[in-house]
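Asks: This is the content of start-v9.pdb (PDB, C-alpha atoms):
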```pdb
MODEL        1
ATOM      1  CA  MET A   1     -54.455 102.347   5.865  1.00  0.00           C
ATOM      2  CA  THR A   2     -51.731 101.289   3.575  1.00  0.00           C
ATOM      3  CA  GLY A   3     -52.875 102.800   0.303  1.00  0.00           C
ATOM      4  CA  GLY A   4     -50.015 104.524  -1.446  1.00  0.00           C
ATOM      5  CA  SER A   5     -47.657 104.658   1.519  1.00  0.00           C
ATOM      6  CA  GLY A   6     -45.391 101.971   0.128  1.00  0.00           C
ATOM      7  CA  GLY A   7     -44.681 100.800   3.672  1.00  0.00           C
ATOM      8  CA  ARG A   8     -43.144 104.130   4.668  1.00  0.00           C
ATOM      9  CA  ARG A   9     -43.772 105.653   8.055  1.00  0.00           C
ATOM     10  CA  ARG A  10     -46.378 108.420   8.024  1.00  0.00           C
ATOM     11  CA  ASP A  11     -45.992 111.419  10.257  1.00  0.00           C
ATOM     12  CA  ARG A  12     -48.845 113.105  12.071  1.00  0.00           C
ATOM     13  CA  GLU A  13     -49.286 115.879   9.524  1.00  0.00           C
ATOM     14  CA  SER A  14     -49.939 113.376   6.735  1.00  0.00           C
ATOM     15  CA  ASP A  15     -52.380 111.342   8.825  1.00  0.00           C
ATOM     16  CA  PRO A  16     -55.900 112.621   8.157  1.00  0.00           C
ATOM     17  CA  ASP A  17     -57.219 110.852  11.265  1.00  0.00           C
ATOM     18  CA  ALA A  18     -54.873 112.761  13.578  1.00  0.00           C
ATOM     19  CA  SER A  19     -56.593 116.114  13.169  1.00  0.00           C
ATOM     20  CA  THR A  20     -60.145 115.079  12.281  1.00  0.00           C
ATOM     21  CA  ALA A  21     -60.873 112.532  15.022  1.00  0.00           C
ATOM     22  CA  LEU A  22     -63.955 113.420  17.010  1.00  0.00           C
ATOM     23  CA  PRO A  23     -63.629 113.194  20.769  1.00  0.00           C
ATOM     24  CA  VAL A  24     -65.345 110.155  22.213  1.00  0.00           C
ATOM     25  CA  PRO A  25     -67.282 110.922  25.393  1.00  0.00           C
ATOM     26  CA  GLY A  26     -67.892 108.615  28.294  1.00  0.00           C
ATOM     27  CA  PRO A  27     -66.185 105.326  29.041  1.00  0.00           C
ATOM     28  CA  CYS A  28     -64.230 105.256  25.767  1.00  0.00           C
ATOM     29  CA  ALA A  29     -62.489 108.618  26.233  1.00  0.00           C
ATOM     30  CA  SER A  30     -59.470 107.213  28.067  1.00  0.00           C
ATOM     31  CA  THR A  31     -58.941 104.564  25.374  1.00  0.00           C
ATOM     32  CA  GLN A  32     -59.120 107.240  22.687  1.00  0.00           C
ATOM     33  CA  ARG A  33     -56.526 109.339  24.544  1.00  0.00           C
ATOM     34  CA  ALA A  34     -54.255 106.292  24.866  1.00  0.00           C
ATOM     35  CA  LEU A  35     -54.615 105.570  21.137  1.00  0.00           C
ATOM     36  CA  ALA A  36     -53.813 109.189  20.230  1.00  0.00           C
ATOM     37  CA  GLU A  37     -50.710 109.091  22.436  1.00  0.00           C
ATOM     38  CA  CYS A  38     -49.634 105.763  20.941  1.00  0.00           C
ATOM     39  CA  ARG A  39     -50.035 107.169  17.440  1.00  0.00           C
ATOM     40  CA  ARG A  40     -47.975 110.249  18.358  1.00  0.00           C
ATOM     41  CA  ARG A  41     -45.193 108.086  19.744  1.00  0.00           C
ATOM     42  CA  ALA A  42     -45.333 105.700  16.802  1.00  0.00           C
ATOM     43  CA  ALA A  43     -44.949 108.593  14.355  1.00  0.00           C
ATOM     44  CA  ARG A  44     -41.414 109.068  15.681  1.00  0.00           C
ATOM     45  CA  GLY A  45     -40.397 105.466  15.131  1.00  0.00           C
ATOM     46  CA  PRO A  46     -39.786 103.185  12.172  1.00  0.00           C
ATOM     47  CA  LEU A  47     -43.101 101.286  12.361  1.00  0.00           C
ATOM     48  CA  GLN A  48     -46.499 102.523  11.284  1.00  0.00           C
ATOM     49  CA  PRO A  49     -48.988 103.418  14.022  1.00  0.00           C
ATOM     50  CA  GLU A  50     -51.308 100.676  12.749  1.00  0.00           C
ATOM     51  CA  VAL A  51     -48.672  98.124  13.685  1.00  0.00           C
ATOM     52  CA  LEU A  52     -47.814  99.487  17.121  1.00  0.00           C
ATOM     53  CA  CYS A  53     -51.265 100.610  18.215  1.00  0.00           C
ATOM     54  CA  TRP A  54     -53.526  97.894  16.827  1.00  0.00           C
ATOM     55  CA  HIS A  55     -54.568  96.702  20.289  1.00  0.00           C
ATOM     56  CA  LEU A  56     -55.737 100.185  21.298  1.00  0.00           C
ATOM     57  CA  ASN A  57     -57.488 100.709  17.967  1.00  0.00           C
ATOM     58  CA  ARG A  58     -59.372  97.457  18.476  1.00  0.00           C
ATOM     59  CA  ALA A  59     -60.193  98.296  22.099  1.00  0.00           C
ATOM     60  CA  LEU A  60     -61.560 101.700  21.090  1.00  0.00           C
ATOM     61  CA  ALA A  61     -63.664 100.188  18.308  1.00  0.00           C
ATOM     62  CA  GLU A  62     -65.116  97.588  20.668  1.00  0.00           C
ATOM     63  CA  CYS A  63     -65.812 100.242  23.305  1.00  0.00           C
ATOM     64  CA  VAL A  64     -67.607 102.551  20.872  1.00  0.00           C
ATOM     65  CA  VAL A  65     -69.676  99.732  19.361  1.00  0.00           C
ATOM     66  CA  THR A  66     -70.621  98.504  22.834  1.00  0.00           C
ATOM     67  CA  ALA A  67     -71.577 102.024  23.927  1.00  0.00           C
ATOM     68  CA  CYS A  68     -73.680 102.657  20.795  1.00  0.00           C
ATOM     69  CA  CYS A  69     -75.365  99.277  20.404  1.00  0.00           C
ATOM     70  CA  PRO A  70     -75.084  97.323  23.664  1.00  0.00           C
ATOM     71  CA  ASP A  71     -77.980  94.929  23.054  1.00  0.00           C
ATOM     72  CA  GLU A  72     -76.989  94.189  19.479  1.00  0.00           C
ATOM     73  CA  ILE A  73     -73.309  93.517  20.259  1.00  0.00           C
ATOM     74  CA  GLU A  74     -74.288  91.269  23.159  1.00  0.00           C
ATOM     75  CA  ALA A  75     -76.558  89.287  20.825  1.00  0.00           C
ATOM     76  CA  VAL A  76     -73.699  88.883  18.336  1.00  0.00           C
ATOM     77  CA  ARG A  77     -71.302  87.764  21.082  1.00  0.00           C
ATOM     78  CA  THR A  78     -73.830  85.288  22.444  1.00  0.00           C
ATOM     79  CA  LEU A  79     -75.100  83.857  19.177  1.00  0.00           C
ATOM     80  CA  CYS A  80     -71.955  83.979  17.057  1.00  0.00           C
ATOM     81  CA  GLY A  81     -69.340  82.899  19.585  1.00  0.00           C
ATOM     82  CA  SER A  82     -69.365  79.223  18.698  1.00  0.00           C
ATOM     83  CA  ALA A  83     -70.666  76.786  16.120  1.00  0.00           C
ATOM     84  CA  GLY A  84     -74.154  75.545  16.569  1.00  0.00           C
ATOM     85  CA  THR A  85     -77.319  74.402  14.956  1.00  0.00           C
ATOM     86  CA  GLU A  86     -78.800  75.822  11.786  1.00  0.00           C
ATOM     87  CA  LEU A  87     -81.166  77.849  13.973  1.00  0.00           C
ATOM     88  CA  LYS A  88     -78.256  79.371  15.897  1.00  0.00           C
ATOM     89  CA  ARG A  89     -76.436  80.227  12.664  1.00  0.00           C
ATOM     90  CA  THR A  90     -79.578  81.925  11.373  1.00  0.00           C
ATOM     91  CA  GLN A  91     -79.947  83.826  14.642  1.00  0.00           C
ATOM     92  CA  CYS A  92     -76.277  84.837  14.449  1.00  0.00           C
ATOM     93  CA  GLN A  93     -76.747  86.172  10.934  1.00  0.00           C
ATOM     94  CA  ARG A  94     -79.818  88.156  12.058  1.00  0.00           C
ATOM     95  CA  ALA A  95     -77.907  89.527  15.059  1.00  0.00           C
ATOM     96  CA  ARG A  96     -75.094  90.712  12.769  1.00  0.00           C
ATOM     97  CA  ILE A  97     -77.610  92.447  10.509  1.00  0.00           C
ATOM     98  CA  ASP A  98     -79.237  94.112  13.522  1.00  0.00           C
ATOM     99  CA  LEU A  99     -75.815  95.315  14.688  1.00  0.00           C
ATOM    100  CA  SER A 100     -75.059  96.727  11.231  1.00  0.00           C
ATOM    101  CA  ILE A 101     -78.366  98.572  11.201  1.00  0.00           C
ATOM    102  CA  CYS A 102     -77.731  99.990  14.664  1.00  0.00           C
ATOM    103  CA  LEU A 103     -74.235 101.182  13.728  1.00  0.00           C
ATOM    104  CA  GLU A 104     -75.508 102.710  10.502  1.00  0.00           C
ATOM    105  CA  ALA A 105     -78.111 104.646  12.486  1.00  0.00           C
ATOM    106  CA  HIS A 106     -75.294 106.187  14.568  1.00  0.00           C
ATOM    107  CA  GLN A 107     -73.229 107.331  11.575  1.00  0.00           C
ATOM    108  CA  GLU A 108     -73.181 110.947  10.520  1.00  0.00           C
ATOM    109  CA  PRO A 109     -74.685 111.643   7.083  1.00  0.00           C
TER     110      PRO A 109
ENDMDL
END
```
Represent the structure of the file as structure tokens.
Replies:
Amino acid sequence: MTGGSGGRRRDRESDPDASTALPVPGPCASTQRALAECRRRAARGPLQPEVLCWHLNRALAECVVTACCPDEIEAVRTLCGSAGTELKRTQCQRARIDLSICLEAHQEP
């Protein structure tokens, strides 16, 4: 989220995600807590939280996607992990579409 910040550090009050994040239940909860703590600590420093906490943001995203759509993400990992035949590329594309549909079904209106 870099729109309009001009590279300046954002504090927690100006970060809309800080107060509106929904708690993540289950196996992803500890990663979400770690990300929130990283973002709090980053707000006191010169770098943006996106820079310092990218690894936790990615880990949380992967955890949530895996929890919501385990079969679909496994298909993407299996079919899209390396180059292959035309059939495998077609299957990879279909797996990505299936994952998108699954994730869309889990979004709030």
Asks: Using all atoms listed in the file for the distances, tell me which of A:Cys53, A:Ala43, A:Cys102, A:Val65 is nearest to A:Pro27.
Replies: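 Looking only at the distances to A:Pro27, the closest residue turns out to be A:Val65.
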Asks: Can you tell me which residues surround stretch 30-41 of chain A at a distance of at most 6 Å, considering all atoms listed in the file, apart from same-chain residues fewer than 6 positions away, and format the answer as a list in words?
Replies: Pro49, Leu56 and Leu60 of chain A
Asks: Can I get the selected residues back with C-alpha atoms, as a PDB file, in the coordinates of the input?
Replies:
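And here's part20.pdb as it stands now:
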```pdb
ATOM      1  CA  PRO A  49     -48.988 103.418  14.022  1.00  0.00           C
ATOM      2  CA  LEU A  56     -55.737 100.185  21.298  1.00  0.00           C
ATOM      3  CA  LEU A  60     -61.560 101.700  21.090  1.00  0.00           C
TER       4      LEU A  60
END
```
Asks: Nearest to A:Ala42 among A:Trp54, A:Gly81, A:Cys69, A:Cys28, with distances taken over all atoms listed in the file: which residue is it?
Replies: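 That would be A:Trp54, the residue with the smallest distance to A:Ala42.
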Asks: Might you spell out which residues the PyMOL selection byres ((chain A and resi 95) around 10) would select in the displayed file, as a ChimeraX atom specification?
Replies: /A:71-80,89-94,96-101
Asks: So what do you get for atom CA of A:Glu62 versus atom CA of A:Ala29, distance-wise?
Replies: 12.6 Å
Asks: What does the distance from atom CA of A:Leu52 to atom CA of A:Leu103 come to in Å, to one decimal?
Replies: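 Atom CA of A:Leu103 lies at a distance of 26.7 Å from atom CA of A:Leu52.
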Asks: Report, as AutoDock Vina command-line options, the centre and edge lengths in Å (one decimal) of the axis-aligned box enclosing every listed atom of stretch 98-107 of chain A, padded by 6 Å on each side.
Replies:
```
--center_x -76.2 --center_y 100.7 --center_z 12.6 --size_x 18.0 --size_y 25.2 --size_z 16.2
```
Asks: Just the number, please: distance in Å from atom CA of A:Glu104 to atom CA of A:Ala61, one decimal.
Replies: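 Pair atom CA of A:Glu104 / atom CA of A:Ala61 returns 14.4 Å.
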Asks: With distances taken over only C-alpha atoms, which residue among A:Val51, A:Ala67, A:Ala83, A:Ala59 lies nearest A:Gly26?
Replies: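 Of the candidates, the smallest distance to A:Gly26 is held by A:Ala67.
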